[in-house]
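To be precise, the following lines are target-v2.txt, and they hold compact mmCIF, C-alpha atoms.
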```
# COMPACT_ATOMS: atom_id res chain seq x y z
CA MET K 567 53.12 20.49 -28.08
CA LEU K 568 49.67 20.66 -26.48
CA ASN K 569 47.98 24.05 -25.97
CA LEU K 570 44.69 25.16 -24.50
CA ILE K 571 43.47 27.75 -26.98
CA LEU K 572 40.74 30.33 -26.50
CA LYS K 573 39.34 30.16 -30.03
CA LYS K 574 36.69 32.82 -29.48
CA ASN K 575 34.64 34.19 -26.62
CA GLN K 576 33.56 31.31 -24.31
CA SER K 577 35.14 28.68 -26.55
CA PHE K 578 38.24 26.66 -25.56
CA ALA K 579 39.94 23.89 -27.52
CA LEU K 580 42.90 21.59 -26.91
CA ASP K 581 45.24 21.76 -29.87
CA LYS K 582 48.62 20.32 -30.86
CA THR K 583 51.05 22.66 -32.59
CA GLU K 584 54.71 22.70 -33.48
CA SER K 585 56.91 24.26 -30.81
CA LYS K 586 58.23 27.64 -31.96
CA LYS K 587 61.93 28.13 -32.60
CA VAL K 588 63.75 29.77 -29.70
CA LEU K 589 65.06 33.23 -30.59
CA SER K 590 68.61 34.23 -29.72
CA ASP K 591 67.67 35.96 -26.43
CA GLN K 592 64.96 33.50 -25.38
CA TYR K 593 64.58 30.34 -23.32
CA LYS K 594 62.14 27.53 -23.90
CA ILE K 595 60.27 26.84 -20.67
CA LYS K 596 58.69 23.49 -19.94
CA VAL K 597 55.62 24.66 -18.05
CA TYR K 598 54.78 22.83 -14.83
CA TYR K 599 52.03 24.92 -13.24
CA THR K 600 49.84 27.83 -14.34
CA GLY K 601 47.61 29.80 -11.99
CA ILE K 602 44.16 30.96 -13.03
CA CYS K 603 43.89 34.71 -12.47
CA ALA K 604 40.58 36.44 -11.78
CA SER K 605 41.28 38.58 -14.86
CA ASP K 606 41.35 35.44 -17.04
CA ILE K 607 37.61 34.90 -16.49
CA PRO K 608 36.29 38.07 -18.21
CA ARG K 609 39.07 37.65 -20.78
CA ALA K 610 37.67 34.23 -21.65
CA PHE K 611 33.94 34.73 -21.13
CA LYS K 612 33.16 38.42 -21.54
CA SER K 613 34.99 39.21 -24.77
CA GLY K 614 37.94 40.55 -22.83
CA ALA K 615 40.65 39.13 -25.10
CA TYR K 616 42.63 41.51 -27.32
CA SER K 617 42.64 38.94 -30.13
CA TYR K 618 41.73 35.35 -31.01
CA PRO K 619 42.98 32.67 -30.98
CA LEU K 620 44.83 33.16 -27.69
CA VAL K 621 46.58 30.92 -25.17
CA LEU K 622 45.84 32.28 -21.70
CA GLY K 623 48.10 32.05 -18.66
CA HIS K 624 50.43 34.60 -17.08
CA GLU K 625 51.07 33.08 -13.65
CA PHE K 626 53.43 30.15 -14.16
CA SER K 627 56.51 28.18 -13.25
CA GLY K 628 58.60 25.59 -15.03
CA LYS K 629 62.05 24.47 -16.14
CA ILE K 630 64.39 25.73 -18.85
CA VAL K 631 64.87 23.04 -21.51
CA GLU K 632 66.52 25.07 -24.29
CA ARG K 633 68.18 28.45 -24.70
CA GLY K 634 69.01 30.78 -27.57
CA LYS K 635 72.51 31.58 -28.79
CA LYS K 636 72.74 34.86 -26.88
CA ALA K 637 70.83 33.67 -23.79
CA ASN K 638 73.65 33.00 -21.33
CA LYS K 639 72.40 34.17 -17.94
CA TYR K 640 70.47 30.99 -17.08
CA LYS K 641 71.14 27.31 -17.72
CA VAL K 642 69.17 24.37 -19.05
CA ASN K 643 67.39 22.61 -16.13
CA ASP K 644 67.14 25.83 -14.07
CA PHE K 645 63.74 26.19 -12.38
CA VAL K 646 62.04 29.51 -13.00
CA SER K 647 58.99 31.70 -12.69
CA VAL K 648 58.29 34.48 -15.18
CA PHE K 649 57.38 38.16 -14.92
CA PRO K 650 54.63 38.33 -17.57
CA LEU K 651 54.87 41.99 -18.63
CA ILE K 652 57.17 42.66 -21.58
CA PRO K 653 58.26 46.31 -21.89
CA ASN K 654 58.58 46.93 -25.62
CA CYS K 655 60.06 50.40 -25.66
CA ASN K 656 62.76 50.63 -22.95
CA ASN K 657 62.74 54.32 -23.77
CA CYS K 658 59.66 55.83 -22.12
CA SER K 659 60.01 57.85 -18.91
CA SER K 660 58.82 54.88 -16.81
CA CYS K 661 61.27 52.37 -18.30
CA LYS K 662 64.13 54.83 -17.80
CA LYS K 663 63.21 54.86 -14.10
CA LYS K 664 62.95 51.03 -14.12
CA GLU K 665 59.21 51.35 -13.41
CA TYR K 666 58.52 48.74 -16.05
CA GLN K 667 54.97 48.08 -14.82
CA LEU K 668 54.15 51.59 -16.10
CA CYS K 669 55.66 51.11 -19.56
CA GLU K 670 53.71 53.09 -22.17
CA ARG K 671 54.04 50.34 -24.78
CA TYR K 672 54.13 46.77 -23.53
CA SER K 673 53.11 43.23 -24.33
CA TYR K 674 51.98 40.55 -21.90
CA TYR K 675 52.19 36.77 -21.84
CA GLY K 676 48.69 35.29 -21.74
CA SER K 677 46.97 38.51 -22.73
CA ARG K 678 48.51 40.41 -25.64
CA GLU K 679 50.41 37.33 -26.77
CA ASN K 680 50.23 33.60 -26.06
CA GLY K 681 50.78 32.48 -22.50
CA SER K 682 51.44 29.45 -20.34
CA LEU K 683 48.42 27.16 -20.76
CA SER K 684 50.73 25.19 -22.98
CA GLU K 685 53.33 22.46 -22.56
CA TYR K 686 56.11 24.86 -23.62
CA LEU K 687 56.52 28.61 -23.90
CA ASN K 688 59.43 30.66 -25.26
CA VAL K 689 60.29 33.46 -22.85
CA ASN K 690 62.62 36.46 -23.09
CA GLU K 691 65.70 36.31 -20.88
CA TRP K 692 64.76 39.63 -19.24
CA ASN K 693 61.48 38.20 -17.89
CA ILE K 694 62.94 35.17 -16.12
CA PHE K 695 63.07 34.86 -12.33
CA LYS K 696 65.25 31.96 -11.25
CA ILE K 697 64.25 29.91 -8.21
CA ASP K 698 66.10 27.40 -6.05
CA ARG K 699 65.73 23.74 -6.89
CA LYS K 700 64.30 23.12 -3.41
CA PHE K 701 61.69 25.85 -3.79
CA PRO K 702 58.17 24.36 -4.24
CA ILE K 703 57.62 24.60 -7.98
CA LYS K 704 53.83 24.63 -7.58
CA LEU K 705 53.94 27.72 -5.38
CA ALA K 706 56.43 29.33 -7.77
CA SER K 707 53.53 29.69 -10.21
CA LEU K 708 52.03 32.17 -7.74
CA PHE K 709 54.94 34.60 -7.73
CA GLU K 710 53.10 37.01 -10.02
CA PRO K 711 49.90 37.57 -7.98
CA ILE K 712 51.74 37.51 -4.65
CA SER K 713 54.23 40.07 -5.98
CA VAL K 714 51.37 42.34 -7.02
CA THR K 715 50.07 42.06 -3.46
CA TYR K 716 53.48 43.03 -2.10
CA ASN K 717 53.40 46.12 -4.29
CA ILE K 718 50.15 47.03 -2.53
CA PHE K 719 51.69 46.34 0.87
CA ASN K 720 54.58 48.69 0.12
CA ARG K 721 52.08 51.58 -0.21
CA ILE K 722 51.24 51.52 3.49
CA ASN K 723 53.48 52.78 6.28
CA ILE K 724 55.23 49.67 7.62
CA LYS K 725 55.94 51.46 10.91
CA GLU K 726 52.24 51.95 11.66
CA LYS K 727 51.60 48.45 12.97
CA LYS K 728 48.52 49.51 14.96
CA GLN K 729 46.79 51.65 12.33
CA LYS K 730 43.30 50.44 11.41
CA ILE K 731 43.30 48.54 8.10
CA LEU K 732 40.22 47.25 6.28
CA VAL K 733 40.55 44.66 3.51
CA LEU K 734 37.53 44.46 1.19
CA GLY K 735 37.31 41.04 -0.46
CA GLY K 736 38.55 37.67 0.77
CA GLY K 737 39.55 36.17 -2.56
CA PHE K 738 43.08 35.00 -3.22
CA LEU K 739 44.66 38.48 -3.32
CA GLY K 740 42.71 39.69 -0.28
CA LEU K 741 43.76 36.63 1.72
CA VAL K 742 47.38 36.89 0.60
CA PHE K 743 47.34 40.53 1.67
CA SER K 744 46.04 39.53 5.10
CA GLY K 745 48.85 36.94 5.24
CA ILE K 746 51.46 39.57 4.40
CA LEU K 747 50.08 41.88 7.09
CA ASN K 748 50.25 39.01 9.56
CA PHE K 749 53.80 38.12 8.46
CA HIS K 750 54.88 41.71 9.12
CA LYS K 751 53.06 41.76 12.47
CA PHE K 752 50.30 44.26 11.78
CA GLU K 753 47.73 44.15 14.55
CA ASN K 754 44.53 46.06 13.79
CA VAL K 755 43.18 44.36 10.65
CA GLU K 756 39.65 43.59 9.45
CA ILE K 757 38.68 41.51 6.42
CA LEU K 758 35.23 41.68 4.83
CA ASP K 759 33.77 39.01 2.56
CA ARG K 760 30.38 37.34 2.13
CA ASN K 761 31.93 33.87 2.11
CA LYS K 762 32.63 32.23 5.47
CA TYR K 763 34.81 29.58 3.82
CA ARG K 764 37.21 32.25 2.60
CA LEU K 765 37.22 34.13 5.89
CA ASN K 766 38.21 30.94 7.67
CA ARG K 767 41.51 31.04 5.73
CA VAL K 768 42.58 34.33 7.34
CA PRO K 769 45.86 33.38 9.07
CA ASN K 770 45.61 35.50 12.22
CA LYS K 771 42.79 34.53 14.60
CA LYS K 772 42.89 38.00 16.15
CA TYR K 773 42.06 39.71 12.87
CA LYS K 774 38.37 40.60 12.72
CA LYS K 775 36.52 38.62 10.05
CA ILE K 776 33.36 40.32 8.81
CA GLN K 777 30.92 38.12 6.91
CA SER K 778 28.77 40.67 5.15
CA ASP K 779 27.73 42.18 1.86
CA ILE K 780 29.42 45.53 1.32
CA ASN K 781 26.06 47.36 1.29
CA ASN K 782 25.09 45.97 4.69
CA PHE K 783 28.41 46.68 6.34
CA LYS K 784 28.31 49.42 8.96
CA SER K 785 31.17 50.55 11.13
CA LYS K 786 31.70 53.26 13.70
CA LYS K 787 35.43 53.06 13.06
CA ALA K 788 37.42 55.24 10.70
CA TYR K 789 40.21 53.41 8.87
CA LYS K 790 43.67 54.66 8.01
CA TYR K 791 43.92 52.28 5.04
CA ILE K 792 41.27 50.52 2.99
CA ILE K 793 42.37 48.08 0.29
CA ASP K 794 39.60 47.39 -2.21
CA PHE K 795 39.83 43.98 -3.91
CA ILE K 796 36.15 44.17 -5.00
CA GLY K 797 36.18 47.11 -7.40
CA ASN K 798 32.60 48.24 -7.91
CA THR K 799 30.40 51.25 -7.18
CA ASP K 800 29.35 49.98 -3.76
CA SER K 801 32.84 49.15 -2.49
CA LEU K 802 34.38 52.39 -3.73
CA ASN K 803 31.65 54.59 -2.24
CA LYS K 804 31.72 52.69 1.04
CA SER K 805 35.51 53.05 1.24
CA LEU K 806 35.42 56.83 0.86
CA SER K 807 32.83 57.10 3.62
CA LEU K 808 34.82 54.89 6.04
CA LEU K 809 38.29 56.37 5.65
CA ASP K 810 39.76 58.48 8.43
CA LYS K 811 41.12 61.97 7.81
CA LYS K 812 44.22 61.74 5.60
CA GLY K 813 43.39 58.07 5.03
CA LYS K 814 44.38 56.13 1.93
CA LEU K 815 42.23 54.02 -0.40
CA ILE K 816 44.23 51.54 -2.46
CA LEU K 817 42.38 50.26 -5.51
CA ALA K 818 43.51 46.73 -6.30
CA ALA K 819 40.74 45.24 -8.44
CA ASN K 820 40.03 45.51 -12.14
CA VAL K 821 36.73 47.31 -12.70
CA TYR K 822 34.51 45.70 -15.35
CA LYS K 823 31.37 47.82 -14.96
CA GLU K 824 30.75 51.55 -14.95
CA VAL K 825 31.34 53.12 -11.54
CA THR K 826 29.51 56.13 -10.11
CA PHE K 827 30.25 58.15 -6.98
CA SER K 828 27.81 60.09 -4.86
CA LYS K 829 28.46 63.80 -4.45
CA GLU K 830 28.83 63.30 -0.69
CA ASN K 831 31.50 60.63 -1.06
CA LEU K 832 33.46 62.60 -3.65
CA ASN K 833 33.46 65.56 -1.28
CA PHE K 834 35.00 63.30 1.37
CA ILE K 835 38.16 63.18 -0.78
CA LEU K 836 38.50 66.94 -0.42
CA ARG K 837 37.28 67.48 3.12
CA LYS K 838 39.17 64.56 4.66
CA GLU K 839 42.20 65.06 2.37
CA LEU K 840 42.11 61.45 1.25
CA THR K 841 44.61 59.70 -0.98
CA LEU K 842 43.57 57.29 -3.76
CA GLU K 843 46.18 54.98 -5.19
CA GLY K 844 45.94 52.25 -7.81
CA ILE K 845 48.03 49.09 -8.15
CA TRP K 846 47.78 46.66 -11.07
CA ASN K 847 51.19 45.04 -11.29
CA SER K 848 54.46 44.44 -9.46
CA THR K 849 57.98 45.86 -9.52
CA PHE K 850 60.66 43.79 -11.23
CA LYS K 851 64.40 44.28 -11.88
CA THR K 852 64.43 47.14 -9.37
CA LYS K 853 66.16 47.77 -6.06
CA LYS K 854 62.86 47.22 -4.24
CA ASN K 855 61.87 44.09 -6.13
CA ASN K 856 58.44 42.71 -5.19
CA TRP K 857 59.47 39.29 -6.54
CA LYS K 858 62.33 39.03 -4.05
CA GLN K 859 59.97 40.04 -1.26
CA SER K 860 57.52 37.34 -2.38
CA LYS K 861 60.24 34.70 -2.40
CA ILE K 862 60.85 35.20 1.32
CA PHE K 863 57.14 35.31 2.11
CA ILE K 864 56.34 32.12 0.19
CA LYS K 865 59.19 30.22 1.82
CA LYS K 866 58.04 31.19 5.31
CA ASN K 867 54.32 30.60 4.67
CA SER K 868 54.26 27.73 2.17
CA ASN K 869 51.78 25.48 3.99
CA TRP K 870 49.27 28.29 4.45
CA ILE K 871 49.59 29.39 0.82
CA LYS K 872 49.03 25.79 -0.29
CA SER K 873 45.76 25.82 1.66
CA LEU K 874 44.52 28.64 -0.61
CA ILE K 875 44.81 26.40 -3.69
CA THR K 876 41.34 24.91 -3.66
CA HIS K 877 41.28 23.49 -7.19
CA GLU K 878 44.01 21.78 -9.22
CA VAL K 879 43.34 20.25 -12.63
CA ALA K 880 45.20 18.88 -15.65
CA LEU K 881 45.33 20.90 -18.87
CA LYS K 882 42.56 18.85 -20.48
CA ASP K 883 40.22 19.61 -17.58
CA ALA K 884 40.98 23.32 -17.40
CA PRO K 885 38.06 24.45 -19.64
CA LYS K 886 35.57 22.95 -17.21
CA LEU K 887 37.18 24.70 -14.24
CA PHE K 888 37.24 28.00 -16.13
CA LYS K 889 33.54 27.66 -16.89
CA ASN K 890 32.67 26.74 -13.30
CA ILE K 891 34.52 29.79 -11.99
CA TYR K 892 32.66 31.98 -14.46
CA LEU K 893 29.28 30.48 -13.56
CA ARG K 894 30.06 30.82 -9.86
CA LYS K 895 30.37 34.58 -10.34
CA ASN K 896 27.47 34.95 -12.75
CA ASN K 897 24.95 32.24 -11.87
CA LYS K 898 23.45 32.06 -8.39
CA LYS K 899 22.71 28.36 -8.86
CA LYS K 900 26.39 27.49 -9.43
CA LYS K 901 28.05 27.89 -6.04
CA PHE K 902 31.14 26.17 -4.68
CA ASN K 903 33.96 27.04 -2.34
CA TYR K 904 36.76 28.50 -4.43
CA ILE K 905 39.84 30.59 -3.70
CA LYS K 906 42.58 29.73 -6.19
CA GLY K 907 42.79 27.34 -9.12
CA ILE K 908 45.94 26.11 -10.84
CA VAL K 909 46.55 23.93 -13.88
CA GLY K 910 49.20 21.22 -13.77
CA ILE K 911 51.16 20.70 -17.00
CA ASN K 912 54.17 18.38 -17.39
CA THR K 913 54.15 18.01 -13.61
CA ASN K 914 55.39 14.42 -13.21
CA GLY K 915 54.72 14.58 -9.49
CA LYS K 916 56.39 17.98 -9.01
CA ASN K 917 55.14 19.82 -5.92
```
Would you kindly transcribe this structure into structure tokens?
Amino acid sequence: MLNLILKKNQSFALDKTESKKVLSDQYKIKVYYTGICASDIPRAFKSGAYSYPLVLGHEFSGKIVERGKKANKYKVNDFVSVFPLIPNCNNCSSCKKKEYQLCERYSYYGSRENGSLSEYLNVNEWNIFKIDRKFPIKLASLFEPISVTYNIFNRINIKEKKQKILVLGGGFLGLVFSGILNFHKFENVEILDRNKYRLNRVPNKKYKKIQSDINNFKSKKAYKYIIDFIGNTDSLNKSLSLLDKKGKLILAANVYKEVTFSKENLNFILRKELTLEGIWNSTFKTKKNNWKQSKIFIKKNSNWIKSLITHEVALKDAPKLFKNIYLRKNNKKKKFNYIKGIVGINTNGKN
């Protein structure tokens, strides 16, 4: 089978290897589509991998082509997406509560072990999320990031439709969050991003779109909720200064540089009795399952979600797209309109 391997920092290679034997509780997935996550870029280009060589990819969809002897829940030819986190203990306090995203000892497809930038991947039965045959298989590769966004959404009061909400960052997650707010009929929403192209994808014309750098953004409003998809010193300090009394800041971006807070902004946490909450993953196999929420959302908003996929490439062309995304963030000369990239593998015209 063909794999895209991260051999070392900033070095990809296409490689053919023998397909691994399916274990008794596993399924072999023929991968159709793999999404490129923002976290994959520092993993590939800023020495962010846990080990080398590594096959990236944790947002994916495909079809079951083989199953182990004890894997009886799903059938060959079932279409699936995959929850990428693998709880390895099933005994910590979080796993006992079915809060698997907080497992104290876990593995992860595409990060701590090989992922889906490959023609085939063996997946544990527990991690599989079956989808209908009519469900768009391309969009099924986006279950993971959209489910994370639903976990963020569940941290706001769904009855407060008119509360002021500020979304910092109009990348894929920020736009999906604005789409979820629109889907659930929230009214008073603002989205900030420097890129007009991204802001034009906001689904509700009544939502205020702010084209600005975070440092230049000024507002006389106080916000009940601020969701930070930027994750740096400027965005975090600005958020604390803009929150209303008893407001909530939800941190939804990986932080890759040291962050510092001013004394004034830290005091805001005390004096305004603010709440800070962090979200990095989604709920799965629980009563309130973010993946089931995402399934409904994707079905009802499929055309809009498709519009967020700005780049689609074959596996052999993925290294170039990875590099362009990295340069776009780190080289002022390399600019192009980008929201979400996906890699097509074994697609055969699948949509």
Distance criterion (only C-alpha atoms): nearest to Lys696 of chain K out of K:Lys829, K:Lys594, K:Lys762, K:Lys639: K:Lys639
Expected residue set, 12 Å radius at (46.3, 22.1, -2.6), only C-alpha atoms, as number ranges by chain: K: 704-705, 868-879, 904-910, 917
All residues 6 Å or closer to Val642 of chain K, only C-alpha atoms, same chain fewer than 3 positions away omitted, as a ChimeraX atom specification: /K:630-632
I'd like the contact shell of Met567 of chain K - 7 Å cut-off, only C-alpha atoms, skipping same-chain residues fewer than 3 positions apart - returned as a JSON list (two decimals) with C-alpha atoms, in the frame of the given file.
```json
[["chain", "number", "residue", "atom", "x", "y", "z"],
["K", 582, "LYS", "CA", 48.62, 20.32, -30.86],
["K", 583, "THR", "CA", 51.05, 22.66, -32.59],
["K", 584, "GLU", "CA", 54.71, 22.70, -33.48],
["K", 585, "SER", "CA", 56.91, 24.26, -30.81],
["K", 685, "GLU", "CA", 53.33, 22.46, -22.56],
["K", 686, "TYR", "CA", 56.11, 24.86, -23.62]]
```
Nearest-residue call for Asn690 of chain K, choices K:Ile793, K:Ile595, K:Ile607, K:Ile776, using all atoms listed in the file: K:Ile595
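Restricting the calculation to all atoms listed in the file, the smallest distance between His624 of chain K and any of K:Lys641, K:Lys790, K:Lys612, K:Arg678 is found for K:Arg678.
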Interatomic distance, atom CA of Tyr789 of chain K to atom CA of Leu732 of chain K (Å, one decimal): 6.7 Å
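Summary of the local environment: counting all atoms listed in the file, residues at most 10 Å from Asn575 of chain K, other than itself and those fewer than 2 positions away along its chain, are K:Leu572, K:Lys573, K:Ser577, K:Phe578, K:Pro608, K:Arg609, K:Ala610, K:Phe611, K:Lys612, K:Ser613, K:Gly614, K:Ala615, K:Ser617, K:Tyr618, K:Pro619.
Each of K:Asn770, K:Ser627, K:Ser828, K:Asn820 was compared to Glu753 of chain K using all atoms listed in the file, and K:Asn770 turns out to be the nearest.
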Atom-to-atom span, atom CA of Leu881 of chain K and atom CA of Val648 of chain K, Å: 19.1 Å
Atom CA of Lys587 of chain K to atom CA of Asn688 of chain K, straight-line distance in Å: 8.2 Å
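Nearest to Leu806 of chain K of all the residues K:Lys629, K:Lys823, K:Lys838, K:Lys636 is K:Lys838, counting only C-alpha atoms.
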Fewer than 4 positions away in the same chain doesn't count, so skip those; otherwise give me all residues within 10 Å of Tyr763 of chain K, counting only C-alpha atoms, as a compact mmCIF listing (two decimals) with C-alpha atoms, in the frame of the given file.
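Final output, out37.txt:
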```
# COMPACT_ATOMS: atom_id res chain seq x y z
CA GLY K 736 38.55 37.67 0.77
CA ASP K 759 33.77 39.01 2.56
CA ARG K 767 41.51 31.04 5.73
CA VAL K 768 42.58 34.33 7.34
CA GLN K 777 30.92 38.12 6.91
CA PHE K 902 31.14 26.17 -4.68
CA ASN K 903 33.96 27.04 -2.34
CA TYR K 904 36.76 28.50 -4.43
CA ILE K 905 39.84 30.59 -3.70
```
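Counting all atoms listed in the file and comparing K:Ser707, K:Ser744, K:Asn781, K:Asn831, the residue that lies closest to Asn766 of chain K is K:Ser744.
Look at segment 709-715 of chain K: the protein and nucleic acid residues within 8 Å of it, using only C-alpha atoms and passing over chain neighbours fewer than 5 places away, are K:His624, K:Glu625, K:Phe626, K:Ser647, K:Val648, K:Phe649, K:Pro650, K:Leu739, K:Val742, K:Phe743, K:Ile845, K:Trp846, K:Asn847, K:Ser848, K:Thr849, K:Asn856, K:Trp857, K:Gln859, K:Ser860, K:Lys861.
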Within-10 Å shell of (58.7, 49.0, -28.9) in input frame, all atoms listed in the file, as a VMD selection string: chain K and resid 652 to 658 670 to 673
